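**Student:** Input structure: my_file_12.txt, which contains compact mmCIF, C-alpha atoms.
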```txt
# COMPACT_ATOMS: atom_id res chain seq x y z
CA MET A 191 11.57 -132.78 -110.99
CA GLN A 192 12.44 -129.64 -109.08
CA HIS A 193 16.02 -128.41 -108.62
CA PHE A 194 17.83 -125.56 -106.85
CA LEU A 195 20.33 -124.26 -109.40
CA LYS A 196 19.57 -120.56 -108.92
CA GLU A 197 17.69 -118.46 -106.37
CA THR A 198 14.55 -118.13 -108.45
CA ASP A 199 14.09 -121.88 -108.97
CA LEU A 200 11.95 -121.96 -105.81
CA THR A 201 8.57 -120.25 -105.68
CA LEU A 202 8.04 -117.43 -103.20
CA ASN A 203 6.01 -119.82 -101.03
CA GLN A 204 8.80 -122.41 -101.11
CA ALA A 205 11.45 -119.79 -100.32
CA SER A 206 9.37 -118.62 -97.37
CA GLU A 207 9.08 -122.25 -96.25
CA VAL A 208 12.88 -122.60 -96.44
CA PHE A 209 13.30 -119.64 -94.07
CA SER A 210 10.71 -121.00 -91.63
CA LEU A 211 12.21 -124.49 -91.71
CA ALA A 212 15.74 -123.12 -91.23
CA ALA A 213 14.59 -121.24 -88.13
CA SER A 214 12.87 -124.36 -86.82
CA PHE A 215 15.87 -126.61 -87.51
CA LYS A 216 18.20 -124.15 -85.76
CA LYS A 217 15.97 -123.81 -82.71
CA GLY A 218 15.37 -127.53 -82.36
CA ARG A 219 18.77 -128.86 -83.36
CA GLY A 220 19.62 -132.06 -81.50
CA ARG A 221 16.08 -132.51 -80.18
CA HIS A 222 13.47 -133.08 -82.83
CA THR A 223 14.75 -132.56 -86.39
CA PRO A 224 12.24 -134.28 -88.72
CA PRO A 225 14.01 -137.08 -90.71
CA ALA A 226 13.11 -135.58 -94.10
CA LEU A 227 15.77 -137.72 -95.87
CA LYS A 228 15.14 -140.94 -93.92
CA GLY A 229 16.23 -143.96 -95.96
CA GLN A 230 17.76 -141.74 -98.67
CA THR A 231 21.33 -141.41 -99.97
CA TRP A 232 22.51 -138.09 -101.43
CA ALA A 233 25.75 -137.75 -103.43
CA MET A 234 28.00 -134.70 -103.18
CA ILE A 235 30.07 -134.13 -106.35
CA PHE A 236 32.78 -131.55 -105.63
CA SER A 237 35.14 -130.53 -108.45
CA LYS A 238 36.19 -127.54 -106.31
CA SER A 239 37.63 -127.89 -102.82
CA SER A 240 35.54 -126.67 -99.89
CA THR A 241 35.37 -126.52 -96.10
CA ARG A 242 32.05 -124.94 -95.06
CA THR A 243 30.01 -126.28 -97.97
CA ARG A 244 31.17 -129.87 -97.67
CA VAL A 245 30.92 -130.09 -93.87
CA SER A 246 27.55 -128.33 -93.66
CA PHE A 247 25.96 -130.56 -96.33
CA ASP A 248 27.51 -133.72 -94.89
CA VAL A 249 26.27 -132.94 -91.37
CA GLY A 250 22.92 -131.72 -92.71
CA ILE A 251 22.19 -134.97 -94.60
CA HIS A 252 23.04 -136.97 -91.46
CA GLU A 253 20.77 -134.81 -89.29
CA LEU A 254 17.87 -135.26 -91.75
CA GLY A 255 18.22 -139.05 -91.46
CA GLY A 256 20.00 -139.58 -94.79
CA HIS A 257 23.36 -140.97 -95.89
CA PRO A 258 25.92 -138.79 -97.75
CA ILE A 259 28.43 -140.01 -100.35
CA PHE A 260 31.29 -137.62 -101.19
CA LEU A 261 32.88 -137.70 -104.66
CA ASN A 262 35.80 -135.34 -105.30
CA LYS A 263 37.46 -134.44 -108.60
CA GLY A 264 39.69 -137.50 -108.30
CA ASP A 265 36.66 -139.79 -108.14
CA ILE A 266 34.65 -138.16 -110.91
CA GLN A 267 35.43 -135.53 -113.55
CA LEU A 268 32.33 -133.95 -114.99
CA GLY A 269 32.57 -133.72 -118.76
CA ARG A 270 36.11 -135.08 -118.84
CA GLY A 271 35.76 -138.69 -117.73
CA GLU A 272 32.37 -140.37 -117.98
CA SER A 273 29.98 -138.14 -119.91
CA ILE A 274 27.53 -135.95 -118.00
CA TYR A 275 24.69 -137.86 -119.69
CA ASP A 276 25.98 -141.18 -118.36
CA THR A 277 26.80 -139.71 -114.93
CA ALA A 278 23.32 -138.21 -114.55
CA ASN A 279 21.56 -141.41 -115.58
CA VAL A 280 23.74 -143.79 -113.54
CA LEU A 281 23.63 -141.74 -110.34
CA SER A 282 19.86 -141.30 -110.72
CA ARG A 283 19.58 -145.10 -110.38
CA PHE A 284 21.64 -145.13 -107.15
CA VAL A 285 20.94 -142.02 -105.08
CA HIS A 286 18.02 -139.76 -104.23
CA GLY A 287 19.65 -136.34 -104.75
CA LEU A 288 22.81 -134.63 -106.02
CA ILE A 289 24.75 -131.72 -104.55
CA VAL A 290 27.22 -130.31 -107.08
CA ARG A 291 30.09 -127.83 -106.62
CA THR A 292 31.95 -127.15 -109.84
CA TYR A 293 33.29 -124.49 -112.22
CA GLU A 294 30.91 -124.42 -115.18
CA HIS A 295 27.27 -123.59 -114.43
CA ALA A 296 26.29 -125.53 -117.55
CA GLU A 297 27.41 -128.72 -115.82
CA VAL A 298 24.84 -128.48 -113.01
CA GLU A 299 22.17 -127.55 -115.56
CA GLU A 300 23.02 -130.62 -117.66
CA LEU A 301 22.96 -132.93 -114.64
CA ALA A 302 19.57 -131.53 -113.66
CA ASN A 303 18.16 -131.81 -117.18
CA LEU A 304 19.48 -135.31 -117.90
CA GLY A 305 18.90 -137.02 -114.53
CA SER A 306 15.73 -137.86 -112.63
CA ILE A 307 16.64 -136.72 -109.10
CA PRO A 308 16.85 -133.26 -107.44
CA VAL A 309 20.10 -131.32 -108.03
CA ILE A 310 21.39 -128.56 -105.73
CA ASN A 311 23.97 -126.02 -106.92
CA ALA A 312 26.58 -125.84 -104.15
CA LEU A 313 28.55 -123.20 -106.13
CA THR A 314 29.53 -122.60 -109.71
CA ASP A 315 31.59 -119.76 -111.19
CA TYR A 316 28.26 -118.15 -112.13
CA LEU A 317 26.03 -118.50 -109.04
CA HIS A 318 26.05 -119.52 -105.37
CA PRO A 319 22.36 -119.71 -104.37
CA CYS A 320 22.84 -121.66 -101.11
CA GLN A 321 25.04 -118.84 -99.79
CA ILE A 322 22.55 -116.11 -100.70
CA TYR A 323 19.59 -117.92 -99.06
CA THR A 324 21.80 -118.38 -95.98
CA ASP A 325 22.82 -114.72 -95.95
CA ALA A 326 19.23 -113.57 -96.28
CA PHE A 327 18.14 -115.91 -93.50
CA THR A 328 20.94 -114.54 -91.29
CA MET A 329 19.72 -110.98 -91.95
CA SER A 330 16.13 -111.98 -91.16
CA GLU A 331 17.17 -113.30 -87.76
CA ARG A 332 17.95 -109.69 -86.80
CA TRP A 333 14.92 -108.13 -88.42
CA SER A 334 11.99 -110.54 -88.04
CA ASP A 335 11.48 -109.78 -84.32
CA GLY A 336 9.61 -113.04 -83.86
CA GLY A 337 7.53 -112.53 -87.01
CA ASN A 338 7.85 -113.80 -90.57
CA HIS A 339 11.54 -114.21 -91.48
CA PHE A 340 10.97 -113.93 -95.23
CA GLU A 341 8.76 -110.85 -95.05
CA SER A 342 11.27 -109.01 -92.83
CA LEU A 343 13.68 -108.65 -95.78
CA LYS A 344 11.46 -106.40 -97.87
CA GLY A 345 12.71 -102.85 -98.38
CA LYS A 346 16.13 -103.40 -96.79
CA LYS A 347 19.27 -102.07 -98.51
CA ILE A 348 22.40 -104.15 -99.18
CA ALA A 349 25.65 -102.44 -100.18
CA TYR A 350 28.03 -104.87 -101.89
CA PHE A 351 31.73 -104.01 -102.43
CA GLY A 352 34.50 -105.37 -104.66
CA ASP A 353 34.10 -107.68 -107.65
CA THR A 354 30.49 -107.06 -108.68
CA ALA A 355 30.70 -109.52 -111.57
CA ASN A 356 31.46 -112.66 -109.52
CA ASN A 357 29.13 -115.49 -108.52
CA ILE A 358 28.09 -113.94 -105.18
CA ALA A 359 27.21 -110.60 -106.79
CA ASN A 360 25.31 -112.41 -109.56
CA SER A 361 23.37 -114.42 -107.02
CA TRP A 362 22.57 -111.31 -104.98
CA ILE A 363 21.13 -109.67 -108.12
CA LEU A 364 18.63 -112.56 -108.34
CA GLY A 365 18.10 -112.86 -104.58
CA ALA A 366 17.52 -109.18 -103.94
CA ALA A 367 14.89 -109.01 -106.67
CA MET A 368 13.14 -112.09 -105.31
CA PHE A 369 13.27 -110.99 -101.66
CA GLY A 370 12.21 -107.41 -102.40
CA MET A 371 15.52 -105.85 -101.30
CA GLU A 372 17.52 -102.93 -102.71
CA LEU A 373 21.03 -103.86 -103.88
CA LEU A 374 23.70 -101.23 -104.56
CA LEU A 375 26.83 -102.78 -106.08
CA SER A 376 30.08 -100.85 -105.81
CA GLY A 377 33.31 -101.80 -107.55
CA PRO A 378 35.92 -100.72 -110.11
CA VAL A 379 35.19 -100.16 -113.78
CA GLY A 380 35.61 -103.43 -115.63
CA TYR A 381 34.09 -105.54 -112.86
CA GLU A 382 30.41 -104.64 -113.35
CA PRO A 383 27.61 -107.23 -113.69
CA GLY A 384 27.58 -108.84 -117.13
CA GLU A 385 24.85 -109.30 -119.72
CA GLU A 386 24.30 -112.95 -118.78
CA ILE A 387 23.02 -112.22 -115.28
CA LYS A 388 20.82 -109.43 -116.62
CA ALA A 389 19.28 -111.94 -119.03
CA THR A 390 18.83 -114.55 -116.28
CA LEU A 391 17.04 -112.01 -114.11
CA ALA A 392 14.81 -110.97 -117.00
CA GLU A 393 13.91 -114.63 -117.66
CA SER A 394 12.95 -115.04 -113.99
CA GLY A 395 10.18 -112.47 -114.30
CA TYR A 396 11.34 -110.47 -111.26
CA VAL A 397 11.84 -106.70 -111.49
CA PRO A 398 15.51 -105.60 -111.14
CA THR A 399 16.26 -103.97 -107.78
CA TRP A 400 20.01 -103.43 -108.24
CA SER A 401 22.18 -100.52 -109.38
CA PHE A 402 25.92 -99.94 -109.75
CA THR A 403 28.31 -97.21 -108.64
CA THR A 404 32.07 -96.81 -108.54
CA ASP A 405 31.70 -94.69 -105.37
CA PRO A 406 31.88 -96.91 -102.23
CA GLU A 407 30.66 -94.10 -99.94
CA GLU A 408 27.53 -93.65 -102.03
CA ALA A 409 26.83 -97.37 -101.75
CA ALA A 410 27.40 -97.51 -97.99
CA ARG A 411 25.22 -94.52 -97.11
CA ASP A 412 22.15 -95.63 -95.06
CA ALA A 413 22.70 -99.30 -95.91
CA ASP A 414 21.24 -102.02 -93.68
CA VAL A 415 24.04 -104.41 -94.66
CA LEU A 416 27.61 -103.87 -95.90
CA TYR A 417 28.66 -107.04 -97.72
CA THR A 418 31.89 -108.10 -99.39
CA ASP A 419 33.50 -111.21 -100.84
CA THR A 420 37.03 -112.35 -101.64
CA TRP A 421 38.69 -110.33 -104.40
CA VAL A 422 40.48 -113.39 -105.84
CA SER A 423 38.28 -116.45 -106.26
CA MET A 424 39.47 -119.99 -106.90
CA GLY A 425 40.92 -120.18 -110.42
CA GLN A 426 41.76 -116.44 -110.57
CA GLU A 427 45.16 -116.67 -108.88
CA LYS A 428 47.03 -115.43 -111.98
CA GLU A 429 45.05 -112.16 -111.79
CA SER A 430 45.73 -111.72 -108.09
CA ALA A 431 48.05 -108.67 -108.18
CA GLU A 432 45.85 -106.75 -110.65
CA ARG A 433 42.64 -107.50 -108.75
CA ILE A 434 44.06 -106.49 -105.38
CA ASN A 435 45.34 -103.21 -106.81
CA VAL A 436 42.08 -102.08 -108.45
CA MET A 437 39.85 -103.16 -105.56
CA LYS A 438 41.76 -101.48 -102.72
CA PRO A 439 39.33 -98.51 -102.63
CA TYR A 440 36.48 -100.96 -101.96
CA SER A 441 37.90 -102.45 -98.77
CA VAL A 442 35.28 -102.26 -95.99
CA THR A 443 36.73 -100.07 -93.25
CA SER A 444 35.29 -98.79 -89.98
CA ASP A 445 34.83 -95.37 -91.64
CA LEU A 446 32.75 -96.99 -94.40
CA MET A 447 30.68 -98.86 -91.80
CA LYS A 448 29.83 -95.54 -90.12
CA LEU A 449 28.07 -94.40 -93.30
CA GLY A 450 25.59 -97.26 -93.01
CA LYS A 451 22.69 -97.30 -90.59
CA LYS A 452 23.60 -97.32 -86.90
CA ASP A 453 22.68 -100.99 -86.56
CA ALA A 454 23.99 -102.05 -89.99
CA LEU A 455 25.38 -105.56 -90.30
CA PHE A 456 28.73 -106.51 -91.80
CA MET A 457 28.73 -109.74 -93.82
CA HIS A 458 31.34 -111.83 -95.65
CA ASP A 459 30.78 -115.37 -96.90
CA LEU A 460 34.38 -116.45 -96.05
CA PRO A 461 37.17 -117.26 -96.46
CA ALA A 462 38.26 -113.67 -95.74
CA TYR A 463 41.66 -112.10 -96.19
CA LYS A 464 42.25 -109.67 -93.34
CA GLY A 465 43.30 -106.20 -94.43
CA MET A 466 42.08 -106.71 -97.99
CA GLU A 467 38.34 -106.90 -98.73
CA ALA A 468 37.68 -106.02 -95.07
CA GLN A 469 39.78 -104.55 -92.30
CA GLU A 470 40.31 -106.71 -89.22
CA ASP A 471 38.38 -104.41 -86.85
CA VAL A 472 35.34 -104.70 -89.14
CA LEU A 473 35.70 -108.43 -89.79
CA TYR A 474 35.68 -109.23 -86.08
CA GLY A 475 33.87 -106.11 -84.86
CA PRO A 476 30.51 -105.86 -83.04
CA GLN A 477 28.53 -105.40 -86.26
CA SER A 478 29.99 -108.48 -87.94
CA VAL A 479 27.81 -111.61 -88.26
CA ILE A 480 30.26 -113.70 -90.32
CA PHE A 481 30.19 -116.72 -88.02
CA ASP A 482 26.39 -116.70 -87.85
CA GLU A 483 26.48 -116.80 -91.66
CA ALA A 484 28.82 -119.77 -91.53
CA GLU A 485 26.62 -121.67 -89.03
CA ASN A 486 23.43 -120.90 -90.92
CA ARG A 487 24.70 -122.71 -94.02
CA LEU A 488 23.83 -125.89 -92.13
CA HIS A 489 20.28 -124.92 -91.17
CA THR A 490 19.40 -123.28 -94.50
CA GLN A 491 20.76 -126.11 -96.66
CA LYS A 492 18.88 -128.65 -94.54
CA ALA A 493 15.73 -126.67 -95.25
CA ILE A 494 16.45 -126.57 -99.00
CA MET A 495 17.02 -130.33 -99.09
CA ALA A 496 13.83 -130.97 -97.10
CA VAL A 497 11.77 -128.83 -99.48
CA LEU A 498 13.20 -130.54 -102.60
CA ALA A 499 12.79 -134.02 -101.11
CA GLU A 500 9.16 -133.27 -100.31
CA ALA A 501 8.59 -131.92 -103.83
CA ALA A 502 10.12 -135.12 -105.30
CA ARG A 503 7.67 -137.31 -103.34
CA ARG A 504 4.60 -135.68 -104.89
```
As structure tokens - that is how I would like this structure written.

**Tutor:**
Amino acid sequence: MQHFLKETDLTLNQASEVFSLAASFKKGRGRHTPPALKGQTWAMIFSKSSTRTRVSFDVGIHELGGHPIFLNKGDIQLGRGESIYDTANVLSRFVHGLIVRTYEHAEVEELANLGSIPVINALTDYLHPCQIYTDAFTMSERWSDGGNHFESLKGKKIAYFGDTANNIANSWILGAAMFGMELLLSGPVGYEPGEEIKATLAESGYVPTWSFTTDPEEAARDADVLYTDTWVSMGQEKESAERINVMKPYSVTSDLMKLGKKDALFMHDLPAYKGMEAQEDVLYGPQSVIFDEAENRLHTQKAIMAVLAEAARR
């Protein structure tokens, strides 16, 4: 059984297929989307609240001909109510796939290992692979020029600012290596990538393409993309004041954008806090593609589900 728990769980051919399918789904939306999940029911287990992830998966399952069931933390508590072993085995008898958004990455791994249906990681504290595939697809829309979306990523430089030890930064370390992109992470001392993500990348077999600097101007120089994420993620509210203080120098400003390439993109996976991780004129400026990113969650996740459903039929 094949799952999508981290970026490198798909082969390069499958990842390329996801990009092609996402482009096709976007272009043909409302006209001829293939019913890849026809007759299937997929469950969405969300221990963390969500707007974009829940809506985009819910709509995506409908548009692929399937039926979604939403289970929030009040309906099911992974590892705290019914055991993960029982949950994985029972749900495998009822539904055809699981989409899981939770805190501990080990929980999605256990569900995948113990069940017999595809599992998609819709965010954990460790990784957020659906977002990174969506971001990369959004970049490729600008660069493919009618050619191969996946191939258009190779050799491009991403500059990432802020907390470089969070789930988005971790996922970009895996994604950049897989897509053949350069990743320059820039943040304060104490928020660098940890040993766990280095080990995960080594296990994947891909060559590291990332580096780290405390100098935001060095990171931004000649970048194709300037990317940032919220400084205070869900569950980190008690650290809010300290995080905001140390990350102020890494706020993406119009001056920082000018150091990137002339046609550099600004990206943020949202929700964004204006005046903090990005200034308002950057967030809503002409180089920003934040709402394309948001929309593309739908098309990219549909493509991921279609690829996993097809793999499960073989």

**Student:** Show me, as a ChimeraX atom specification, the residues that have an atom within 8 Å of Leu374 (chain A) when counting all atoms listed in the file, minus same-chain residues fewer than 6 positions from it.

**Tutor:** /A:347-350,400-403,409

**Student:** List every protein, DNA or RNA residue that has an atom no more than 7 Å from (18.6, -140.0, -113.2) in the file's coordinate frame, counting all atoms listed in the file, and report them as number ranges by chain.

**Tutor:** A: 278-283, 304-307

**Student:** Just to be explicit: take each residue in the selection above, keep C-alpha atoms, and write the result as an mmCIF file, in the frame of the given file.

**Tutor:**
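Saved the output as again07.cif:
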```
data_model
loop_
_atom_site.group_PDB
_atom_site.id
_atom_site.type_symbol
_atom_site.label_atom_id
_atom_site.label_comp_id
_atom_site.auth_asym_id
_atom_site.auth_seq_id
_atom_site.Cartn_x
_atom_site.Cartn_y
_atom_site.Cartn_z
ATOM 1 C CA ALA A 278 23.320 -138.210 -114.550
ATOM 2 C CA ASN A 279 21.560 -141.410 -115.580
ATOM 3 C CA VAL A 280 23.740 -143.790 -113.540
ATOM 4 C CA LEU A 281 23.630 -141.740 -110.340
ATOM 5 C CA SER A 282 19.860 -141.300 -110.720
ATOM 6 C CA ARG A 283 19.580 -145.100 -110.380
ATOM 7 C CA LEU A 304 19.480 -135.310 -117.900
ATOM 8 C CA GLY A 305 18.900 -137.020 -114.530
ATOM 9 C CA SER A 306 15.730 -137.860 -112.630
ATOM 10 C CA ILE A 307 16.640 -136.720 -109.100
#
```

**Student:** To one decimal place, how far is CA of Glu197 (chain A) from CA of Gly287 (chain A) in Å?

**Tutor:**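 Rounded to one decimal, the two atoms are 18.1 Å apart.
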
**Student:** CA of Ser240 (chain A) to CA of Leu460 (chain A): how many Å, to one decimal?

**Tutor:**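 Those two atoms sit 11.0 Å apart.
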
**Student:** If I take CA of Asp482 (chain A) and CA of Thr443 (chain A), how far is one from the other in Å, to one decimal?

**Tutor:**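 These two atoms are separated by 20.3 Å.
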
**Student:** Select, counting all atoms listed in the file, all protein, DNA and RNA residues no farther than 9 Å from (13.3, -118.1, -100.0) in file coordinates, and express the selection as a ChimeraX atom specification.

**Tutor:** /A:197-198,200-209,323,326-327,340,365,368-369

**Student:** Any chance you could work out the axis-aligned box around region 362-371 of chain A, listed atoms only, 8 Å on each side, giving centre and edge lengths in Å to one decimal, as lines of an AutoDock Vina configuration file?

**Tutor:**
```
center_x = 17.4
center_y = -109.4
center_z = -104.8
size_x = 26.4
size_y = 23.0
size_z = 23.0
```

**Student:** Using all atoms listed in the file, which residue out of A:Gly425, A:Gly450, A:Pro476, A:Gly255 lies closest to Ala410 (chain A)?

**Tutor:** A:Gly450

**Student:** Enumerate, in order of chain and increasing residue number, the residues of region 412-462 of chain A with an atom no farther than 12 Å from region 380-396 of chain A, each with its shortest atom pair and distance in Å to one decimal, counting only C-alpha atoms, as a tab-separated table.

**Tutor:**
```
residue	atom	partner	partner_atom	distance
A:Trp421	CA	A:Tyr381	CA	10.8
A:Glu432	CA	A:Gly380	CA	11.9
A:Arg433	CA	A:Tyr381	CA	9.7
A:Val436	CA	A:Gly380	CA	9.8
A:Met437	CA	A:Tyr381	CA	9.6
```

**Student:** So, with all atoms listed in the file as the atoms that count, which of A:Ala355, A:Ala366, A:Ala413, A:Val290 lies closest to Thr399 (chain A)?

**Tutor:** A:Ala366

**Student:** Using all atoms listed in the file, which residue out of A:Asp419, A:Asn356, A:Asp248, A:Arg219 lies closest to Ala233 (chain A)?

**Tutor:**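 The closest residue to Ala233 (chain A) is A:Asp248.
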
**Student:** Would you kindly return, as a PyMOL selection string, each protein, DNA or RNA residue with an atom no farther than 12 Å from any atom of Leu416 (chain A), considering all atoms listed in the file and excluding same-chain residues fewer than 2 positions away?

**Tutor:** chain A and resi 325+329+346-352+373-376+406-414+418-419+440-459+467-468+472-473+477-480

**Student:** Could you name the residues that touch region 309-322 of chain A at 8 Å or less, counting all atoms listed in the file, but leaving out those on the same chain fewer than 4 positions away, as a PDB file with C-alpha atoms, keeping the file's coordinate frame?

**Tutor:**
```pdb
ATOM      1  CA  GLN A 192      12.440-129.640-109.080  1.00  0.00           C
ATOM      2  CA  HIS A 193      16.020-128.410-108.620  1.00  0.00           C
ATOM      3  CA  PHE A 194      17.830-125.560-106.850  1.00  0.00           C
ATOM      4  CA  LEU A 195      20.330-124.260-109.400  1.00  0.00           C
ATOM      5  CA  LYS A 196      19.570-120.560-108.920  1.00  0.00           C
ATOM      6  CA  GLU A 197      17.690-118.460-106.370  1.00  0.00           C
ATOM      7  CA  THR A 243      30.010-126.280 -97.970  1.00  0.00           C
ATOM      8  CA  GLY A 287      19.650-136.340-104.750  1.00  0.00           C
ATOM      9  CA  LEU A 288      22.810-134.630-106.020  1.00  0.00           C
ATOM     10  CA  ILE A 289      24.750-131.720-104.550  1.00  0.00           C
ATOM     11  CA  VAL A 290      27.220-130.310-107.080  1.00  0.00           C
ATOM     12  CA  ARG A 291      30.090-127.830-106.620  1.00  0.00           C
ATOM     13  CA  THR A 292      31.950-127.150-109.840  1.00  0.00           C
ATOM     14  CA  TYR A 293      33.290-124.490-112.220  1.00  0.00           C
ATOM     15  CA  GLU A 294      30.910-124.420-115.180  1.00  0.00           C
ATOM     16  CA  HIS A 295      27.270-123.590-114.430  1.00  0.00           C
ATOM     17  CA  VAL A 298      24.840-128.480-113.010  1.00  0.00           C
ATOM     18  CA  LEU A 301      22.960-132.930-114.640  1.00  0.00           C
ATOM     19  CA  ALA A 302      19.570-131.530-113.660  1.00  0.00           C
ATOM     20  CA  ALA A 326      19.230-113.570 -96.280  1.00  0.00           C
ATOM     21  CA  ASN A 356      31.460-112.660-109.520  1.00  0.00           C
ATOM     22  CA  ASN A 357      29.130-115.490-108.520  1.00  0.00           C
ATOM     23  CA  ILE A 358      28.090-113.940-105.180  1.00  0.00           C
ATOM     24  CA  ASN A 360      25.310-112.410-109.560  1.00  0.00           C
ATOM     25  CA  SER A 361      23.370-114.420-107.020  1.00  0.00           C
ATOM     26  CA  TRP A 362      22.570-111.310-104.980  1.00  0.00           C
ATOM     27  CA  GLY A 365      18.100-112.860-104.580  1.00  0.00           C
ATOM     28  CA  ASP A 459      30.780-115.370 -96.900  1.00  0.00           C
ATOM     29  CA  ARG A 487      24.700-122.710 -94.020  1.00  0.00           C
ATOM     30  CA  THR A 490      19.400-123.280 -94.500  1.00  0.00           C
ATOM     31  CA  GLN A 491      20.760-126.110 -96.660  1.00  0.00           C
TER      32      GLN A 491
END
```
